[in-house]
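Since the structure comes first, as structure tokens, the remarks are kept for the end.
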Amino acid sequence: MISTLLSRMHGTDGDRTPRLLYGADYNPEQWPRSVWQDDVRLMREAGVNVVSVGIFSWASLQPAPDAWDFGWLDEVMDLLHEGGVGVDLATATASPPPWLTTAHPEILPVTSTGETLWPGARQHWRPTSPVFRRHALRLVRELAARYAGHPALVAWHVNNELGCHNVYDYSDDAARAFRDWLRARYGTLEALNHAWGTAFWSQRYTEWEQILPPRLAASHPNPTQQLDFKRFSSDALKDHLRAEREILREITPDVPVTTNFMVMGGTKGMDYPDWAAEIDFVSNDHYVRPGPQDRDELSFSANLTSGISAGRPWFLMEHSTSAVNWQPVNVAKRPGDLARDSLLHVAHGADAVCFFQWRQSAAGAEKYHSAMVPHAGEDSDLFRAVRDLGATLKALAPLAGSEREAAPVGILYDWQSWWASEQDSHPTSLLDYRQEALDWYSAFLALGVRADLVTRHGDLNRHQVLVAPVLHVVPADLAEALTRYTDQGGHLVTTYFSGIVDENDHVWLGGYPGALRDLLGIRIEEFGPLVAGDEVTLDGPATGTLWTDRITVTAPDTEVLAHYRSGTYRGRPAVTRRPTGGGSATYVSTRLGTRGLTSLLPRLLEPAGVRSDLPAEARGLVETTVRRGPDARFRFLVNRTDDTVTVPGLTGDALLGTLAADGTLTLAPRAVAVLRQPLA
Ligand code: GAL
């Protein structure tokens, strides 16, 4: 729990009041000692109370196989402690030093085409290399033993963004570990042959040693082999996380352990809902990719992180004060973005707001990446904005520890369906699972209806409406759970390419969507994917792209909410709803995009009685979330626009922003307000 970390913070400066954490990755080894004093002075000025240290310090800590240099880190830890700054100490295993890769080139990852990923950047290690593991764990043990009692230590930071660059390794080590993983999953080759459908294309295995990772092949590699390799690769990294964590727990049982996830666009290899139970609190990194839905995507990722953390507060380990360095064009943030982006994470449960990094590097691949202290130094608008945010977070201290209050709507985000639905040799290669979920999310934002991103590990019954876009993989137990959900009054909404396969990626036969056919009261004999640029019209103003289905209604009580008005399936059902014991099951067979969904959703929400809790004039312009503490609710109102927005009819006392006596809140462009509402 993040509360363990917060209580350790009391030791850093004796202050026992709740607080939000504020800080950055701190890389003092890039700077002469003379800068360190100044760093601590500026941290205090900015309200920084926590930093992550040592993330890429392996070469500085262990300059040779049997040489250790902890002197500089001792000094840094002491300095930070004197300055009242807690340390989230990294295990420093993210980037192996040149002496190690020179002595042991067999730890380097290999691509699916057999190329070695050479040293010279970072994270050039095989998750399954026993040699890498041995060296990494030795370092972890040394560090843990040395800093176990240090008063600045508030948490352990395992490695860094596990799998950022090395999630898929096709080396011989990976092949061996993959076979072990498969043996544990299937027990016998017969079971594996069945699961992988190896009767197809003469792929039947007669010895375990014949099995390989899905290396570059002449045509489409076996789909279940691919899916299992994704599962295995996520598990291999999770295993590394556990191995480091075990040493940390053995030596410092009271210090919480975390690792920074990457719940953000562009990352999908790690099954974080499955990893969350392995750490004491969830941490996330997030970077904005400029585009039409960029802040919706930020909100979506923060919301999903909260879902992964089961609604408990989490730690924003990294985001950027302004531009990054790794996009084709690295756009600087506009005035107000730094604060709004940060507070949007807090609105979705972050109890810590940290950046990559504290001081902008003068050299190296990230020298053009923004930081809290920019190249221009403290006399800069950016550092002033950093200082202001520190003051804002201080004012928000009362909400530290509060959890997410369940929203009426849940959006199910499912890693198995994500991985499986986007594999090759499918009806379309244009499907983007994350984009589908994001479009639904954007539609809820546009309507001002609160929706929680949830995972299979969460309690689906907390939500009156459950939207499951492209829920492709539906094992029998999930189909039963969804039926129970609707029988008990829940309203399920699902889409094309849902309920199609089981956990082995085998199609449920007898007509699509096999696993959900009876629940939805429809049957589909053939998919009708659309080529890029093609679209169909539906009843009302909506148009569909990407996908259509030839639907036959099979249950007498299934209603057709919209028909196709053009295309091959003209006149046939496009959107259906079947009432179930108290709830309903709705099917949307084409891609409507945010705009189409925004116009359809009110009809889908109506039977559940779900509506916006914002006044009509603020809907779509303001995002609202609620965090709940023991004595109060904290209601966030985030201006999504570049204009001033007025929200009438609010109650509570303003922790942030100014609420007029008549309950009207005026939000400046991109501003955020927080209202505390005492619980009766
Ligand atoms: C993260 C990483 C940081 C830094 C940052 C730049 O992926 O953890 O070390 O590279 O990106 O945006």
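FYI, nothing fancy with the structure tokens labels: chains A, B, ... in order, residues from 1 per chain, ligands from 1 as they appear.
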Long-range neighbours of segment 407-416 of chain A as a ChimeraX atom specification, 6 Å cut-off, only C-alpha atoms, 5 positions minimum in chain: /A:450-455,463-468
field: Contacts of ligand 1, 6 Å or closer, only C-alpha atoms and all ligand atoms, given as an MDAnalysis selection string
entry: chainID A and resid 160:161 324 356
Save out the residues we just selected, all heavy atoms, as a short mmCIF file (atom, residue, chain, number, x, y, z; two decimals), in the first residue's frame.
data_model
loop_
_atom_site.label_atom_id
_atom_site.label_comp_id
_atom_site.auth_asym_id
_atom_site.auth_seq_id
_atom_site.Cartn_x
_atom_site.Cartn_y
_atom_site.Cartn_z
N ASN A 160 13.68 -0.52 -13.96
CA ASN A 160 12.99 0.67 -14.49
C ASN A 160 12.19 0.28 -15.72
O ASN A 160 12.72 -0.35 -16.63
CB ASN A 160 13.99 1.76 -14.90
CG ASN A 160 13.29 3.06 -15.24
OD1 ASN A 160 12.61 3.63 -14.39
ND2 ASN A 160 13.41 3.51 -16.48
N GLU A 161 10.93 0.63 -15.74
CA GLU A 161 10.07 0.36 -16.89
C GLU A 161 10.41 -1.01 -17.50
O GLU A 161 10.81 -1.10 -18.67
CB GLU A 161 10.20 1.46 -17.94
CG GLU A 161 9.56 2.76 -17.51
CD GLU A 161 9.45 3.77 -18.65
OE1 GLU A 161 10.13 3.60 -19.68
OE2 GLU A 161 8.70 4.74 -18.51
N VAL A 324 9.26 15.98 -24.74
CA VAL A 324 10.11 14.81 -24.62
C VAL A 324 11.14 14.86 -25.76
O VAL A 324 11.23 15.86 -26.49
CB VAL A 324 9.29 13.49 -24.64
CG1 VAL A 324 8.33 13.45 -23.47
CG2 VAL A 324 8.56 13.31 -25.96
N PHE A 356 10.17 12.81 -15.10
CA PHE A 356 11.49 12.52 -15.61
C PHE A 356 11.95 13.85 -16.19
O PHE A 356 11.34 14.33 -17.14
CB PHE A 356 11.51 11.46 -16.71
CG PHE A 356 12.91 11.33 -17.26
CD1 PHE A 356 13.82 10.54 -16.62
CD2 PHE A 356 13.31 12.07 -18.36
CE1 PHE A 356 15.13 10.47 -17.08
CE2 PHE A 356 14.63 12.01 -18.81
CZ PHE A 356 15.53 11.21 -18.17
#
- request: Mind checking which residues fall within 12 Å of Val288 of chain A, counting only C-alpha atoms, ignoring those fewer than 3 positions away in the same chain, and posting them as a PyMOL selection string?
  value: chain A and resi 263-266+285+291-302+318-327+330-333+337-338+341-342
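When only C-alpha atoms are used to compute distances to Pro221 of chain A, the closest of the residues A:Glu535, A:Asp381, A:Glu82, A:Asp424 turns out to be A:Asp424.
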- request: From a DSSP calculation on the backbone, collect every residue of segment 152-310 of chain A in helix (DSSP H, G or I) and output the set as a ChimeraX atom specification.
  value: /A:172-186,189-196,200-202,208-210,223-251,272-278,294-308
- prompt: Residues of segment 1-162 of chain A in strand (DSSP E or B) according to DSSP, as a PyMOL selection string?
  reply: chain A and resi 21-26+50-53+64+67+86-90+110+116+153-157
task: For each of A:Thr651, A:Asn49, A:Ser306, A:Ser370, take the minimum atom-to-atom distance to Phe355 of chain A, counting only C-alpha atoms, then give the residue where this is smallest.
output: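 Using only C-alpha atoms, Phe355 of chain A sits closest to A:Ser370.
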message: Could you list, as a ChimeraX atom specification, every residue within 10 Å of Pro475 of chain A, counting only C-alpha atoms and ignoring same-chain residues fewer than 6 positions away?
response: /A:499-506,508,515
task: Might you pull out every residue within 7 Å of segment 89-91 of chain A, with only C-alpha atoms counted and same-chain residues fewer than 6 positions away left off, and present them as a list in words?
output: Ser52, Val53, Gly54, Ile55, Val140, Leu153, Ala155, Trp156, His157, Val158 and Asn159 of chain A
message: Would you pick out the contacts of Ala144 of chain A at 8 Å or less, using only C-alpha atoms, so that residues sharing its chain but fewer than 3 positions from it are not included, and give the list as a list in words?
response: Val140, Arg141, Tyr147, Ala148, Ile247, Leu248, Ile251 and Thr252 of chain A
task: Compile the contact shell of segment 575-588 of chain A as a list in words: residues with an atom at most 8 Å away, counting only C-alpha atoms, same-chain residues fewer than 5 positions apart removed.
output: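 Residues meeting the cut-off are Thr486, Asp487, Gln488, Gly489, Gly490, His491, Leu492, Val493, Thr494, Thr495, Tyr496, Leu519, Leu520, Gly521, Ala555, Asp557, Thr558, Glu559, Val560, Leu561, Ala562, His563, Leu604 and Ala608 of chain A.
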message: From the options A:Asp66, A:Glu623, A:Glu436, A:Asp172, which residue's atoms come nearest to Arg591 of chain A, counting only C-alpha atoms?
response: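 Using only C-alpha atoms, the shortest distance to Arg591 of chain A belongs to A:Glu436.
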field: For atom CA of Val257 of chain A and atom CA of Ile279 of chain A, the interatomic separation in Å (one decimal)
entry: 5.7 Å
